[in-house]
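Okay, structure first, notes after.
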6 protein chains.
Amino acid sequence: MIGQSGIAVKNVVRADAASVAELAKYGVATIHEAMGRVGLLAPYMRPIYAGAKVCGTAVTIFAHPGDNWMLHVAAEMLRDGDVAVLGTSCDNTDGMFGDLLATSFRARGALGLVIDAGCRDAAELRDMGFPVWSKAVHAKGTVKATVGSVNTPIICAGALVHPGDVVIADDDGVVIVPKSRAARVAAAAGQREAKEAATRKRLAAGELGLDVYGMREALAKAGLKYFADEAAYEEECRK
Amino acid sequence: MIGQSGIAVKNVVRADAASVAELAKYGVATIHEAMGRVGLLAPYMRPIYAGAKVCGTAVTIFAHPGDNWMLHVAAEMLRDGDVAVLGTSCDNTDGMFGDLLATSFRARGALGLVIDAGCRDAAELRDMGFPVWSKAVHAKGTVKATVGSVNTPIICAGALVHPGDVVIADDDGVVIVPKSRAARVAAAAGQREAKEAATRKRLAAGELGLDVYGMREALAKAGLKYFADEAAYEEECRK
Amino acid sequence: MIGQSGIAVKNVVRADAASVAELAKYGVATIHEAMGRVGLLAPYMRPIYAGAKVCGTAVTIFAHPGDNWMLHVAAEMLRDGDVAVLGTSCDNTDGMFGDLLATSFRARGALGLVIDAGCRDAAELRDMGFPVWSKAVHAKGTVKATVGSVNTPIICAGALVHPGDVVIADDDGVVIVPKSRAARVAAAAGQREAKEAATRKRLAAGELGLDVYGMREALAKAGLKYFADEAAYEEECRK
Amino acid sequence: MIGQSGIAVKNVVRADAASVAELAKYGVATIHEAMGRVGLLAPYMRPIYAGAKVCGTAVTIFAHPGDNWMLHVAAEMLRDGDVAVLGTSCDNTDGMFGDLLATSFRARGALGLVIDAGCRDAAELRDMGFPVWSKAVHAKGTVKATVGSVNTPIICAGALVHPGDVVIADDDGVVIVPKSRAARVAAAAGQREAKEAATRKRLAAGELGLDVYGMREALAKAGLKYFADEAAYEEECRK
Amino acid sequence: MIGQSGIAVKNVVRADAASVAELAKYGVATIHEAMGRVGLLAPYMRPIYAGAKVCGTAVTIFAHPGDNWMLHVAAEMLRDGDVAVLGTSCDNTDGMFGDLLATSFRARGALGLVIDAGCRDAAELRDMGFPVWSKAVHAKGTVKATVGSVNTPIICAGALVHPGDVVIADDDGVVIVPKSRAARVAAAAGQREAKEAATRKRLAAGELGLDVYGMREALAKAGLKYFADEAAYEEECRK
Amino acid sequence: MIGQSGIAVKNVVRADAASVAELAKYGVATIHEAMGRVGLLAPYMRPIYAGAKVCGTAVTIFAHPGDNWMLHVAAEMLRDGDVAVLGTSCDNTDGMFGDLLATSFRARGALGLVIDAGCRDAAELRDMGFPVWSKAVHAKGTVKATVGSVNTPIICAGALVHPGDVVIADDDGVVIVPKSRAARVAAAAGQREAKEAATRKRLAAGELGLDVYGMREALAKAGLKYFADEAAYEEECRK
C-alpha cells in the first residue's frame with residue numbers, strides 16, 4: 001500500500017536499458033506529450049541549477065518529514081543509471097540531502113535525485129554536477145528516528161512512481177514513464193520530435209501555426225470573430 | 001469588457017516608436033517610479049533566465065486555463081517590436097508556450113512574452129535568447145478547444161493592459177506604460193535617472209542618504225530617538 | 001520589546017572578529033548543525049544570485065511594509081564587516097532596497113543584506129557583487145513616512161536576531177549565531193567539518209552510510225524488513 | 001490611470017436602481033454565467049461569515065498597504081445601497097477595517113465591504129450583520145500617512161471595478177457587473193434561472209444530465225469509450 | 001495508467017457493505033491511525049460547512065482543469081452509498097460542481113463529493129445537506145470540451161484512489177481505505193476507539209499521559225532534562 | 001537559546017492574575033493597538049471554530065515537525081488559567097493535538113491551545129468547547145521520537161513568546177503581552193476602549209471620521225484633491 005513503512009526491497013525490475021537510452025534523447029515536455037499528457041510531477045519541483053538533465057531508472061524512497069534515514073538505506077539499492085525518487089507523508093522543506101549523501105549516491109552509480117522535500121549544500125552539488133530536483137533548498141538538518149520504505153510504490157509531488165520506472169528530469173520539470181511503457185513512449189517521442197522539426201522550419205520561415213496546423217476553420221466554428229481594428233471592435237461592443 | 005471571449009482585432013494603435021526607444025533605455029524600477037509608482041505586474045512574474053530584458057508594444061491575449069489556442073491566433077497579429085502579453089481567467093501554471101511558438105513569434109518580429117501562466121522548453125528558450133516572464137516553468141501541455149481573444153484589454157498578473165501599451169520587463173519584473181503616456185513617462189524616467197546618477201556618486205563617496213536627502217529633521221519629528229548604545233536603550237525600556 | 005518603533009541605537013557590541021573570521025570558513029548547513037540545529041531563517045529567504053556568500057555582524061532594522069526609511073537610518077550605523085538584517089511587521093514583497101542603497105551600504109563597509117521583504121535592481125546588485133537574501137525581487141517602490149527602529153532585537157523570517165550577532169548566508173539560506181556563542185559554534189563547526197571530510201572519503205570509495213555510521217542494527221530494531229525482491233514483498237502484502 | 005493616487009471624486013454615476021434590485025435576486029454564480037463567465041474576483045476573497053449576501057453599487061477605494069486613511073475619505077462618498085470596494089498596490093493582509101468604520105459606513109447607508117486586504121473585529125461585524133469579503137481576518141492595525149484615491153477605476157483581486165458598477169457577493173465569491181450592462185445581465189440571469197429550475201426538476205427525478213443536455217454523441221465524438229467493467233478496461237490496457 | 005483520458009468504466013467492484021457500515025462509525029483520524037498512518041488527502045481539502053461527515057464507496061473521476069464534463073458522465077455510474085472523488089491534471093480552483101449536479105448526484109444515491117478543485121453554490125449545498133470537500137469555493141464556471149475518465153485509478157490531493165475504495169470524510173479531512181483492506185481497517189479502528197475510551201477517562205480524571213503511556217523513562221533516555229524553575233535553567237545556559 | 005531542545009522547566013513566573021483578568025475584557029485588536037501595534041502572531045493562525053476567545057498565561061512548547069511528544073510533557077506543567085503555545089522548527093501541518101490531549105489539558109486547568117502546526121478532532125474540540133488556534137486542521141498523526149522543550153522562550157508564528165506571558169486569542173488572531181507589561185497594557189486597553197465607545201456613538205449618528213478625527217487638513221496637505229464628479233476628474237486626466 002502507498003505510504004507503508006518498514007519495507008526495503010533489494011532487487012527490483014528496471015525498465016530495459018535500450019528504452020532508457022532512447023528516452024534520454026528527449027526532453028520532459030516531449031515525453032509527457034508522447035505519453036498522452038500524463039506522468040508529470042507538480043510544477044513546484046525545480047532543478048537546483050539551470051541546465052540540469054537526467055534520465056534513469058527509479059529507486060523509490062518513502063520518508064517521514066524531517067527524517068532522512070531512508071536515504072541511507074536507499075544508497076545500498078542504487079545501481080549504475082538509477083535516479084533516486086523520494087516522496088514523504090506530508091509537506092516538508094527540510095534539507096534531507098546534501099553533499100555527503102550525493103558523494104555516496106554517485107559512488108553507487110546514481111545519476112541524480114528527485115525529492116519532494118528540501119535539499120542543502122546546493123553550491124557543492126552544483127560544483128559536483130550532481131543534479132537534484134526539489135521543492136526547496138534549505139540548510140535545515142534532519143534526524144534518523146523513524147523508518148519509511150525503499151523500493152515500494154510512492155506518490156512524489158502528485159505522481160505515482162514504481163521502482164524501476166523511468167525518470168526524466170530537466171529545466172521543465174520531472175516526468176515518470178512506467179517501465180512497461182518505456183519502449184512505446186520512446187518510439188512515440190521520436191516520432192513527435194521528427195514532426196516538430198519539420199514544423200519548426202516552416203514556422204521559422206514565417207508561416208503561421210494557423211496555416212501549418214489548419215486551425216482557421218475550427219476557430220471560426222468555435223466562435224472567433226475578426227475585426228479590422230479597434231474602432232470596428234468598439235462598434236460591436238456598443239451593439 | 002475585460003475577459004470577453006471570441007474577439008480578434010487585427011490592427012491596433014501602438015505607442016509611438018520614439019517613446020518606446022526612449023523607454024528601452026531604462027529599467028522597470030525607474031519607469032515604475034517615473035510613472036508615480038503604478039503599472040507593475042505582481043511579483044510572481046519572473047524571467048525564465050537572469051539578465052533578460054525587453055521593451056516593446058503589447059499584443060494582448062486572453063486565454064482559458066490549459067488552452068493555448070489563442071497564442072496561435074496572436075502570432076498573426078505580431079509585428080516587429082511587439083511583446084505578447086497573456087492573461088487568463090483563473091490561476092494556472094500549465095506550459096502554454098514553448099520553443100515552437102517562440103520560433104513563430106520571433107519570425108513575426110516579437111521580442112518576448114509575458115504570460116500569467118506557465119511556459120516550457122525553458123532551456124531551448126534560453127539558448128534562443130527569447131525572453132519569457134511567467135508564473136511557472138512546467139512541461140504540462142495544453143489543448144486547443146476554447147476561444148479567448150486577441151488585442152482586447154486584459155488583466156495580466158493584476159495589471160490592466162491595453163493593446164499597443166508599452167511593456168518593459170527585466171530582472172525586477174514587468175511594468176506597463178499606457179501608450180498615451182509613453183512620451184511623458186520616458187521624459188520623467190530620464191530625469192529620474194540623471195538625478196540618481198548624481199546621488200549615486202555622493203553615496204559612493206560615503207555621504208549618507210540622511211544628509212543627501214535631508215531626512216534628519218523629518219525623522220526626529222516622526223518620533224525617532226537616538227541612543228548612544230544598548231545600555232542607554234535598556235535604561236529607557238525600564239522606564 | 002520586539003517590534004517597538006522609534007529607536008535607533010548607535011553603538012552595539014558585535015561578535016568578536018576572530019570568531020567571525022573562523023565562522024566565515026563554514027557553510028550555513030554546517031554552522032546550523034554545529035549549533036544544535038537552530039538559528040535558521042525560513043526557507044523562503046533566497047539569494048538574488050547563485051553562489052553568493054557572506055559572514056558578518058548584524059545591524060538590525062525593524063521597518064513597516066512599503067516603507068524603507070529605516071534603511072537610510074541604518075546606513076549610518078554600518079561599519080566594516082556588518083551585514084544589515086531587516087524584519088517587518090507583516091508580510092510584504094515591496095522592493096525596499098536597490099542599487100543606490102547598496103552603493104551607500106558598501107561605502108559604509110557593509111558586506112550584504114538579509115531582508116524579509118523584496119529588493120529591486122537585481123541585475124545591478126549582481127553586477128556590483130553586493131549579495132542580498134530576500135523574500136522577493138520586485139520593482140515596487142516604497143515611501144518614507146513611518147519610523148521603525150535600528151539596532152533593536154528583531155524577528156526576521158522566523159528567527160530572533162540581536163544587533164551584533166553573526167549572520168552567515170549562502171545558497172542554502174541564512175543562519176544567525178548569537179554573539180555570545182560565536183566562539184563555541186566556530187569550534188564545533190570546525191570539528192564537524194573535519195569529521196565530515198573523513199566520512200566523505202569513505203563514502204566516495206563506495207562504503208555505505210549504513211556501515212560508516214553503523215545504522216543496521218538500529219534500523220532492524222525500528223522495524224525495517226528487507227525483502228529480496230518485489231515478489232517477496234508482494235507475498236508479504238497478501239498475508 | 002489605474003493606481004493613481006490623490007484623487008477623490010464626490011459624485012459618480014451609479015447603475016440604475018431597477019437593475020440593481022433585479023440583480024439582487026440572483027447569486028454570484030448565476031450572474032457570472034449570465035454575463036458570459038466574466039467579472040469574478042479571485043477565489044481568495046471570502047466572506048467573514050457564512051450566509052452573507054450583498055448587492056449594491058460600488059464606491060471604489062485605492063489604498064496603500066498598511067494604510068486605511070482612504071476608507072475615511074470614502075465614508076463621505078457612500079450613499080444608500082452602496083458597497084465599498086477596496087484595491088491596494090500590493091499584497092497585504094493588515095486589518096484595515098473594523099467595527100468603528102463599519103458603524104460609520106452603515107450610518108452612511110453602505111451595505112457591505114469588499115476589500116483586497118485584511119479586516120478585523122470579525123466577531124463584532126458578524127454581530128452587527130455587516131458583511132465583509134476579504135483576503136484575511138487579522139487584528140493588525142494600520143497607519144494614516146499616505147493618500148490613495150476614491151471613486152477612480154481600480155483593480156480588486158484581479159477584477160477591474162469602476163465606480164457605480166454593481167457588486168454582488170455571496171458565499172461563492174464576488175462578481176462585478178459594469179453599470180452599462182446591468183439591465184442586460186439582470187435579464188439574462190432571470191432567463192438562466194428559469195431554465196435551471198426546469199432542469200433541476202428533471203435531475204431530481206433521476207434523469208441524467210447526459211440526456212437532459214444531450215451530451216452522449218458529443219462525448220463519443222470526443223473519444224470517450226465505455227467499458228462494462230474493470231476486467232474489460234484492463235484487457236484494453238494490455239493491448 | 002494514472003491520468004489516462006477517454007475511459008468510462010460502468011461497473012466496478014465496491015468495498016463490501018458491512019465493512020463500509022462499520023467504518024462509518026469512526027472518524028477520519030481514527031481510521032488513518034488504524035491503517036498505519038496512511039491514506040490521507042492533503043490538508044487543503046476542506047468541507048464546505050462544519051460538521052459534514054460521509055462514508056461511502058468511491059466513484060472516481062479524472063477531469064481537466066476548468067472542464068466539468070466528466071461529472072455528468074460519472075452521474076450515470078453512481079449508486080446508493082457512493083461518494084464521487086475527482087482528481088485533475090493540474091492545480092485548479094474553478095467551481096466545477098454546484099447545486100444542479102448535486103441534485104442529480106443525490107437522485108442517483110450519492111452521499112457526497114470530494115473534489116481536488118473548486119465547487120460553487122455553497123449556500124445551496126449547505127441547505128440541501130449535500131457535503132463537499134474541496135480545495136476552494138468559487139463561482140467560476142467551466143466548459144464541457146475535453147474528455148477525462150470515470151472509474152479509473154486517480155490521484156486526488158496526493159492520495160491514490162481506486163474505484164470502489166472506501167472514502168471517509170469529516171472536519172479533519174479525507175481518508176481512503178483500499179477496498180481489500182476495509183474489513184481489517186474497520187476492526188483495527190474499533191479496537192483503537194475502545195482503547196482510547198479507557199485512556200480518555202484516565203486523562204479526564206487528571207492522570208498524565210506521561211504516566212498513562214509510561215513515557216518518562218524514554219524521555220529521559222532521549223535527553224530531556226527537567227529544571228525546577230527558570231533560574232535553574234538560566235544557570236545551565238551560562239555553563 | 002531559541003529552539004534549544006531537551007529542556008523542561010517546571011515552575012515559571014506567570015503574569016499577575018489581576019492584569020490577566022483585566023486583559024480578558026478586551027479583544028485582540030484593542031490590546032495590539034494599546035501595546036503600540038506589536039505582539040501579533042501571523043494571520044494564518046485561525047480559530048478552529050468561530051466565536052472562540054481565550055486569555056491566559058503561556059506554557060510554551062518547542063516541538064519538532066510530526067512529533068507531539070512535548071505536548072504530553074507540557075501537560076504536567078499546566079495550571080489553572082494557562083494557555084499552551086507551541087512553536088516548531090519548520091513549517092508543518094500535521095495534526096499534533098486532538099481530543100485526548102484536550103481532555104488532559106482541560107483536566108490540568110488549561111483554557112486552550114495556540115499551535116503553529118495542525119490539530120485534529122476538530123468536531124470533538126468544538127463540542128467540548130476547547131478552543132484551538134492553529135495553522136491547519138488535519139487528521140495526520142504524529143510520532144513520539146524526538147525531544148523538544150517546555151517553558152523556554154519560543155517563536156510561534158513569527159512572535160516571540162516567553163513562558164508566563166499573557167496570550168489573548170479571538171476571531172481576529174492571537175496577541176502576546178509580555179508579563180512585565182501586562183498591567184500597563186491592560187490600563188492602556190481600557191483607555192482605548194473608552195475612547196472608542198465615544199467615537200462609535202458619533203459615527204453611528206452619521207458624523208464622519210474625517211471630522212471626528214480632524215483629518216481634512218492633513219489630507220489636503222498630503223495631496224488629496226477633490227473633484228465634483230467623473231467629468232471633472234477626466235478633464236484633469238487629459239491635462
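Residues are named by chain letter and number: chains run A, B, ... in the order of the C-alpha cells, numbers start at 1 in each chain, and ligands are numbered from 1 in the order shown.
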Contacts of range 16-32 of chain C at 8 Å (only C-alpha atoms; same-chain gap of 6+ positions) as a compact mmCIF listing (two decimals) with all heavy atoms, in the first residue's frame:
```txt
# COMPACT_ATOMS: atom_id res chain seq x y z
N ARG A 120 20.13 20.47 0.61
CA ARG A 120 21.07 21.51 1.02
C ARG A 120 22.44 21.25 0.39
O ARG A 120 22.58 20.32 -0.38
CB ARG A 120 21.15 21.59 2.54
CG ARG A 120 21.64 20.32 3.23
CD ARG A 120 21.58 20.52 4.74
NE ARG A 120 22.20 19.45 5.46
CZ ARG A 120 22.30 19.40 6.79
NH1 ARG A 120 21.80 20.36 7.53
NH2 ARG A 120 22.90 18.39 7.38
N ASP A 121 23.41 22.09 0.73
CA ASP A 121 24.71 22.02 0.07
C ASP A 121 24.55 22.25 -1.42
O ASP A 121 25.23 21.62 -2.25
CB ASP A 121 25.41 20.67 0.35
CG ASP A 121 25.63 20.42 1.83
OD1 ASP A 121 25.77 21.40 2.60
OD2 ASP A 121 25.67 19.25 2.25
N ALA A 139 18.98 24.76 4.51
CA ALA A 139 20.03 24.14 5.31
C ALA A 139 19.49 23.24 6.42
O ALA A 139 20.24 22.45 7.00
CB ALA A 139 20.91 25.22 5.93
N LYS A 140 18.21 23.33 6.72
CA LYS A 140 17.61 22.61 7.87
C LYS A 140 17.98 21.13 7.92
O LYS A 140 17.64 20.36 7.03
CB LYS A 140 16.09 22.76 7.78
CG LYS A 140 15.30 22.11 8.89
CD LYS A 140 15.53 22.84 10.22
CE LYS A 140 14.53 22.44 11.26
NZ LYS A 140 14.36 21.00 11.42
N GLY A 141 18.64 20.72 8.99
CA GLY A 141 19.05 19.33 9.16
C GLY A 141 17.93 18.42 9.60
O GLY A 141 16.87 18.88 10.03
N VAL C 38 19.68 24.86 15.16
CA VAL C 38 18.84 26.03 15.44
C VAL C 38 19.38 27.24 14.67
O VAL C 38 20.45 27.18 14.08
CB VAL C 38 18.81 26.37 16.95
CG1 VAL C 38 18.30 25.17 17.75
CG2 VAL C 38 20.17 26.80 17.44
N GLY C 39 18.61 28.32 14.69
CA GLY C 39 19.10 29.60 14.17
C GLY C 39 18.84 29.90 12.72
O GLY C 39 19.20 30.98 12.24
N LEU C 40 18.14 29.01 12.00
CA LEU C 40 17.91 29.25 10.58
C LEU C 40 16.75 30.20 10.33
O LEU C 40 15.73 30.15 11.02
CB LEU C 40 17.58 27.93 9.87
CG LEU C 40 18.72 26.97 9.60
CD1 LEU C 40 18.16 25.72 8.93
CD2 LEU C 40 19.75 27.62 8.68
N VAL C 54 28.16 35.26 2.50
CA VAL C 54 28.54 36.37 3.34
C VAL C 54 28.60 35.91 4.80
O VAL C 54 27.89 34.99 5.20
CB VAL C 54 27.53 37.54 3.17
CG1 VAL C 54 26.31 37.36 4.01
CG2 VAL C 54 28.18 38.87 3.45
N CYS C 55 29.50 36.51 5.57
CA CYS C 55 29.56 36.26 7.01
C CYS C 55 29.96 37.57 7.68
O CYS C 55 31.04 38.11 7.40
CB CYS C 55 30.58 35.16 7.33
SG CYS C 55 30.81 34.89 9.11
N GLY C 56 29.08 38.09 8.55
CA GLY C 56 29.39 39.36 9.19
C GLY C 56 28.54 39.57 10.41
O GLY C 56 27.79 38.68 10.84
N THR C 57 28.62 40.77 10.98
CA THR C 57 27.88 41.08 12.21
C THR C 57 26.64 41.90 11.89
O THR C 57 26.66 42.80 11.07
CB THR C 57 28.79 41.86 13.17
OG1 THR C 57 29.50 42.86 12.43
CG2 THR C 57 29.80 40.94 13.84
N VAL C 166 26.20 37.11 14.73
CA VAL C 166 26.84 36.76 13.46
C VAL C 166 25.79 36.24 12.48
O VAL C 166 24.94 35.42 12.84
CB VAL C 166 27.94 35.70 13.64
CG1 VAL C 166 28.76 35.57 12.36
CG2 VAL C 166 28.84 36.05 14.82
N ILE C 168 25.41 34.39 8.84
CA ILE C 168 26.08 33.68 7.75
C ILE C 168 25.01 33.32 6.73
O ILE C 168 23.95 32.81 7.08
CB ILE C 168 26.78 32.39 8.24
CG1 ILE C 168 27.76 32.73 9.37
CG2 ILE C 168 27.53 31.72 7.09
CD1 ILE C 168 27.22 32.50 10.75
N ALA C 169 25.27 33.61 5.45
CA ALA C 169 24.28 33.35 4.41
C ALA C 169 24.98 32.80 3.18
O ALA C 169 26.06 33.27 2.82
CB ALA C 169 23.52 34.63 4.06
N ASP C 170 24.35 31.78 2.58
CA ASP C 170 24.88 31.25 1.31
C ASP C 170 23.71 30.66 0.51
O ASP C 170 22.56 31.02 0.77
CB ASP C 170 26.02 30.24 1.56
CG ASP C 170 25.60 29.00 2.34
OD1 ASP C 170 24.38 28.69 2.41
OD2 ASP C 170 26.49 28.31 2.88
N ASP C 172 22.28 27.97 0.70
CA ASP C 172 21.38 27.14 1.50
C ASP C 172 20.50 27.94 2.45
O ASP C 172 19.72 27.35 3.21
CB ASP C 172 22.18 26.12 2.32
CG ASP C 172 22.84 25.06 1.44
OD1 ASP C 172 22.47 24.97 0.26
OD2 ASP C 172 23.72 24.35 1.93
N GLY C 173 20.63 29.26 2.46
CA GLY C 173 19.81 30.08 3.34
C GLY C 173 20.64 30.94 4.27
O GLY C 173 21.78 31.30 3.95
N VAL C 174 20.06 31.28 5.42
CA VAL C 174 20.68 32.22 6.34
C VAL C 174 20.61 31.65 7.76
O VAL C 174 19.57 31.15 8.17
CB VAL C 174 19.94 33.58 6.33
CG1 VAL C 174 20.67 34.60 7.20
CG2 VAL C 174 19.79 34.10 4.90
N VAL C 175 21.71 31.73 8.50
CA VAL C 175 21.72 31.29 9.90
C VAL C 175 22.28 32.40 10.78
O VAL C 175 23.16 33.16 10.36
CB VAL C 175 22.53 29.98 10.07
CG1 VAL C 175 24.03 30.19 9.87
CG2 VAL C 175 22.27 29.35 11.44
N LYS C 179 25.93 36.32 19.43
CA LYS C 179 27.32 36.74 19.59
C LYS C 179 28.01 36.03 20.76
O LYS C 179 29.19 35.73 20.70
CB LYS C 179 27.45 38.26 19.71
CG LYS C 179 26.61 38.90 20.78
CD LYS C 179 26.60 40.44 20.61
CE LYS C 179 25.36 41.00 21.29
NZ LYS C 179 25.10 42.40 21.01
N ALA C 182 29.48 32.68 19.54
CA ALA C 182 30.20 32.63 18.27
C ALA C 182 31.45 31.76 18.37
O ALA C 182 31.70 30.92 17.48
CB ALA C 182 30.56 34.06 17.83
N ALA C 183 32.22 31.92 19.42
CA ALA C 183 33.48 31.16 19.52
C ALA C 183 33.20 29.66 19.63
O ALA C 183 33.80 28.85 18.92
CB ALA C 183 34.26 31.64 20.74
N VAL C 185 30.54 27.99 18.71
CA VAL C 185 29.96 27.44 17.48
C VAL C 185 31.03 27.29 16.40
O VAL C 185 31.05 26.30 15.66
CB VAL C 185 28.79 28.31 17.00
CG1 VAL C 185 28.31 27.88 15.62
CG2 VAL C 185 27.64 28.24 18.00
N ALA C 186 31.94 28.27 16.32
CA ALA C 186 33.00 28.17 15.32
C ALA C 186 33.85 26.93 15.58
O ALA C 186 34.20 26.18 14.64
CB ALA C 186 33.87 29.43 15.36
N ALA C 189 31.89 23.85 14.59
CA ALA C 189 31.78 23.73 13.14
C ALA C 189 33.06 23.15 12.56
O ALA C 189 33.03 22.31 11.65
CB ALA C 189 31.48 25.10 12.52
N GLY C 190 34.19 23.60 13.08
CA GLY C 190 35.47 23.08 12.62
C GLY C 190 35.58 21.57 12.85
O GLY C 190 36.01 20.82 11.97
N ARG C 192 33.12 19.46 13.20
CA ARG C 192 32.18 18.78 12.33
C ARG C 192 32.74 18.62 10.92
O ARG C 192 32.63 17.56 10.31
CB ARG C 192 30.86 19.56 12.29
CG ARG C 192 29.77 18.82 11.58
CD ARG C 192 28.45 19.58 11.56
NE ARG C 192 27.58 18.97 10.55
CZ ARG C 192 26.77 17.96 10.79
NH1 ARG C 192 26.66 17.46 11.98
NH2 ARG C 192 26.05 17.44 9.80
N GLU C 193 33.32 19.70 10.43
CA GLU C 193 33.86 19.68 9.06
C GLU C 193 34.98 18.63 8.94
O GLU C 193 35.06 17.90 7.95
CB GLU C 193 34.40 21.08 8.71
CG GLU C 193 34.66 21.23 7.24
CD GLU C 193 33.70 22.20 6.55
OE1 GLU C 193 32.47 22.13 6.80
OE2 GLU C 193 34.19 23.05 5.78
```
Practice item. Starting from chain E, keep only residues with some atom at most 12 Å from an atom of chain C, counting only C-alpha atoms, and report them as an NGL selection string. Key: :E and (180-181 or 184 or 237-239)
Keeping only N, CA and C atoms, write those residues as an mmCIF file, in the first residue's frame.
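File out24.cif, as written:
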```cif
data_model
loop_
_atom_site.group_PDB
_atom_site.id
_atom_site.type_symbol
_atom_site.label_atom_id
_atom_site.label_comp_id
_atom_site.auth_asym_id
_atom_site.auth_seq_id
_atom_site.Cartn_x
_atom_site.Cartn_y
_atom_site.Cartn_z
ATOM 1 N N SER E 180 -9.744 -3.737 -0.471
ATOM 2 C CA SER E 180 -9.255 -5.039 0.006
ATOM 3 C C SER E 180 -8.906 -5.008 1.497
ATOM 4 N N ARG E 181 -8.785 -3.828 2.067
ATOM 5 C CA ARG E 181 -8.394 -3.736 3.475
ATOM 6 C C ARG E 181 -9.518 -3.239 4.360
ATOM 7 N N ARG E 184 -10.322 -5.324 7.623
ATOM 8 C CA ARG E 184 -9.246 -5.265 8.613
ATOM 9 C C ARG E 184 -9.126 -3.891 9.265
ATOM 10 N N CYS E 237 22.287 27.436 31.189
ATOM 11 C CA CYS E 237 22.634 28.118 29.932
ATOM 12 C C CYS E 237 24.003 28.795 30.028
ATOM 13 N N ARG E 238 24.307 29.304 31.198
ATOM 14 C CA ARG E 238 25.578 30.029 31.364
ATOM 15 C C ARG E 238 26.789 29.109 31.357
ATOM 16 N N LYS E 239 26.569 27.834 31.610
ATOM 17 C CA LYS E 239 27.693 26.881 31.634
ATOM 18 C C LYS E 239 28.372 26.812 30.272
#
```
**Study point:** Glu207 in chain E environment, 12 Å, only C-alpha atoms, sequence neighbours closer than 2 positions dropped, as JSON, numbers by chain
**Key:** {"E": [199, 200, 201, 202, 203, 204, 205, 209, 210, 211, 212, 213, 214], "F": [72, 75, 76, 100, 101, 103, 104, 105, 106, 107, 108]}
Neighbours of Gly118 in chain E within 7 Å (only C-alpha atoms; same-chain residues fewer than 5 positions away dropped), as an mmCIF file with N, CA, C and O atoms, in the first residue's frame?
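Once written, part08.cif looks like this:
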```
data_model
loop_
_atom_site.group_PDB
_atom_site.id
_atom_site.type_symbol
_atom_site.label_atom_id
_atom_site.label_comp_id
_atom_site.auth_asym_id
_atom_site.auth_seq_id
_atom_site.Cartn_x
_atom_site.Cartn_y
_atom_site.Cartn_z
ATOM 1 N N THR E 93 -8.969 25.873 -9.284
ATOM 2 C CA THR E 93 -9.952 26.197 -8.262
ATOM 3 C C THR E 93 -11.326 26.547 -8.847
ATOM 4 O O THR E 93 -12.197 27.023 -8.127
ATOM 5 N N ASP E 94 -11.518 26.313 -10.142
ATOM 6 C CA ASP E 94 -12.814 26.643 -10.748
ATOM 7 C C ASP E 94 -13.941 25.844 -10.104
ATOM 8 O O ASP E 94 -13.756 24.716 -9.659
ATOM 9 N N GLY E 95 -15.111 26.458 -10.086
ATOM 10 C CA GLY E 95 -16.276 25.842 -9.445
ATOM 11 C C GLY E 95 -16.929 24.813 -10.354
ATOM 12 O O GLY E 95 -17.962 25.082 -10.954
ATOM 13 N N MET E 96 -16.364 23.618 -10.374
ATOM 14 C CA MET E 96 -16.810 22.563 -11.302
ATOM 15 C C MET E 96 -18.150 21.955 -10.932
ATOM 16 O O MET E 96 -18.720 21.208 -11.733
ATOM 17 N N SER E 134 -13.551 20.256 -0.742
ATOM 18 C CA SER E 134 -12.947 20.835 -1.941
ATOM 19 C C SER E 134 -11.729 21.660 -1.571
ATOM 20 O O SER E 134 -11.418 21.859 -0.402
ATOM 21 N N LYS E 135 -11.070 22.134 -2.599
ATOM 22 C CA LYS E 135 -9.869 22.956 -2.469
ATOM 23 C C LYS E 135 -10.245 24.427 -2.375
ATOM 24 O O LYS E 135 -9.464 25.243 -1.910
ATOM 25 N N ALA E 136 -11.430 24.755 -2.880
ATOM 26 C CA ALA E 136 -11.857 26.150 -2.914
ATOM 27 C C ALA E 136 -13.348 26.208 -3.129
ATOM 28 O O ALA E 136 -13.956 25.254 -3.611
ATOM 29 N N VAL E 137 -13.948 27.323 -2.735
ATOM 30 C CA VAL E 137 -15.321 27.643 -3.111
ATOM 31 C C VAL E 137 -15.220 28.846 -4.025
ATOM 32 O O VAL E 137 -14.664 29.879 -3.631
ATOM 33 N N HIS E 138 -15.686 28.717 -5.265
ATOM 34 C CA HIS E 138 -15.569 29.820 -6.211
ATOM 35 C C HIS E 138 -16.634 29.693 -7.290
ATOM 36 O O HIS E 138 -16.889 28.596 -7.788
#
```
**Study point:** Residues near Trp69 in chain F, cut-off 8 Å, only C-alpha atoms, skip fewer than 5 positions along chain, as a PyMOL selection string
**Key:** chain F and resi 63+143-147
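Computed from the coordinates, the CA of Ala198 in chain A to CA of Gly98 in chain B distance equals 15.6 Å.
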**Study point:** Contact residues around Val85 in chain D with only C-alpha atoms at 10 Å, ignoring same-chain residues under 4 positions, as an NGL selection string
**Key:** :D and (57-62 or 71 or 74 or 112-116 or 132-133 or 150-151 or 154-156 or 161-163 or 167)
Check your understanding: range 56-189 of chain C: which residues are strand (DSSP E) by DSSP, as a PyMOL selection string?
Key -> chain C and resi 56-63+82-88+112-119+132-137+149-150+154-156+159-161+166-170+173-177
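In this model, the gap between CA of Gly36 in chain F and CA of Thr152 in chain F comes to 25.2 Å.
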Non-local contacts of Asp91 in chain A (8 Å; only C-alpha atoms; under 6 positions in same chain excluded) as a compact mmCIF listing (two decimals) with all heavy atoms, in the first residue's frame:
```txt
# COMPACT_ATOMS: atom_id res chain seq x y z
N PRO A 65 8.68 13.32 7.28
CA PRO A 65 9.21 14.70 7.23
C PRO A 65 10.29 14.90 8.29
O PRO A 65 10.13 14.46 9.43
CB PRO A 65 7.99 15.56 7.54
CG PRO A 65 7.01 14.67 8.19
CD PRO A 65 7.25 13.30 7.63
N ALA A 117 10.83 17.37 -1.05
CA ALA A 117 11.21 17.98 0.23
C ALA A 117 12.38 18.89 -0.11
O ALA A 117 12.55 19.25 -1.28
CB ALA A 117 11.61 16.89 1.22
N ASN F 92 4.87 22.99 9.24
CA ASN F 92 4.26 21.67 9.39
C ASN F 92 2.77 21.81 9.68
O ASN F 92 2.35 22.69 10.41
CB ASN F 92 4.94 20.90 10.54
CG ASN F 92 4.45 19.47 10.62
OD1 ASN F 92 3.73 19.09 11.52
ND2 ASN F 92 4.79 18.68 9.62
N THR F 93 1.98 20.90 9.08
CA THR F 93 0.53 20.97 9.28
C THR F 93 -0.03 19.70 9.90
O THR F 93 -1.25 19.53 9.96
CB THR F 93 -0.20 21.21 7.94
OG1 THR F 93 0.17 20.15 7.06
CG2 THR F 93 0.18 22.54 7.32
```
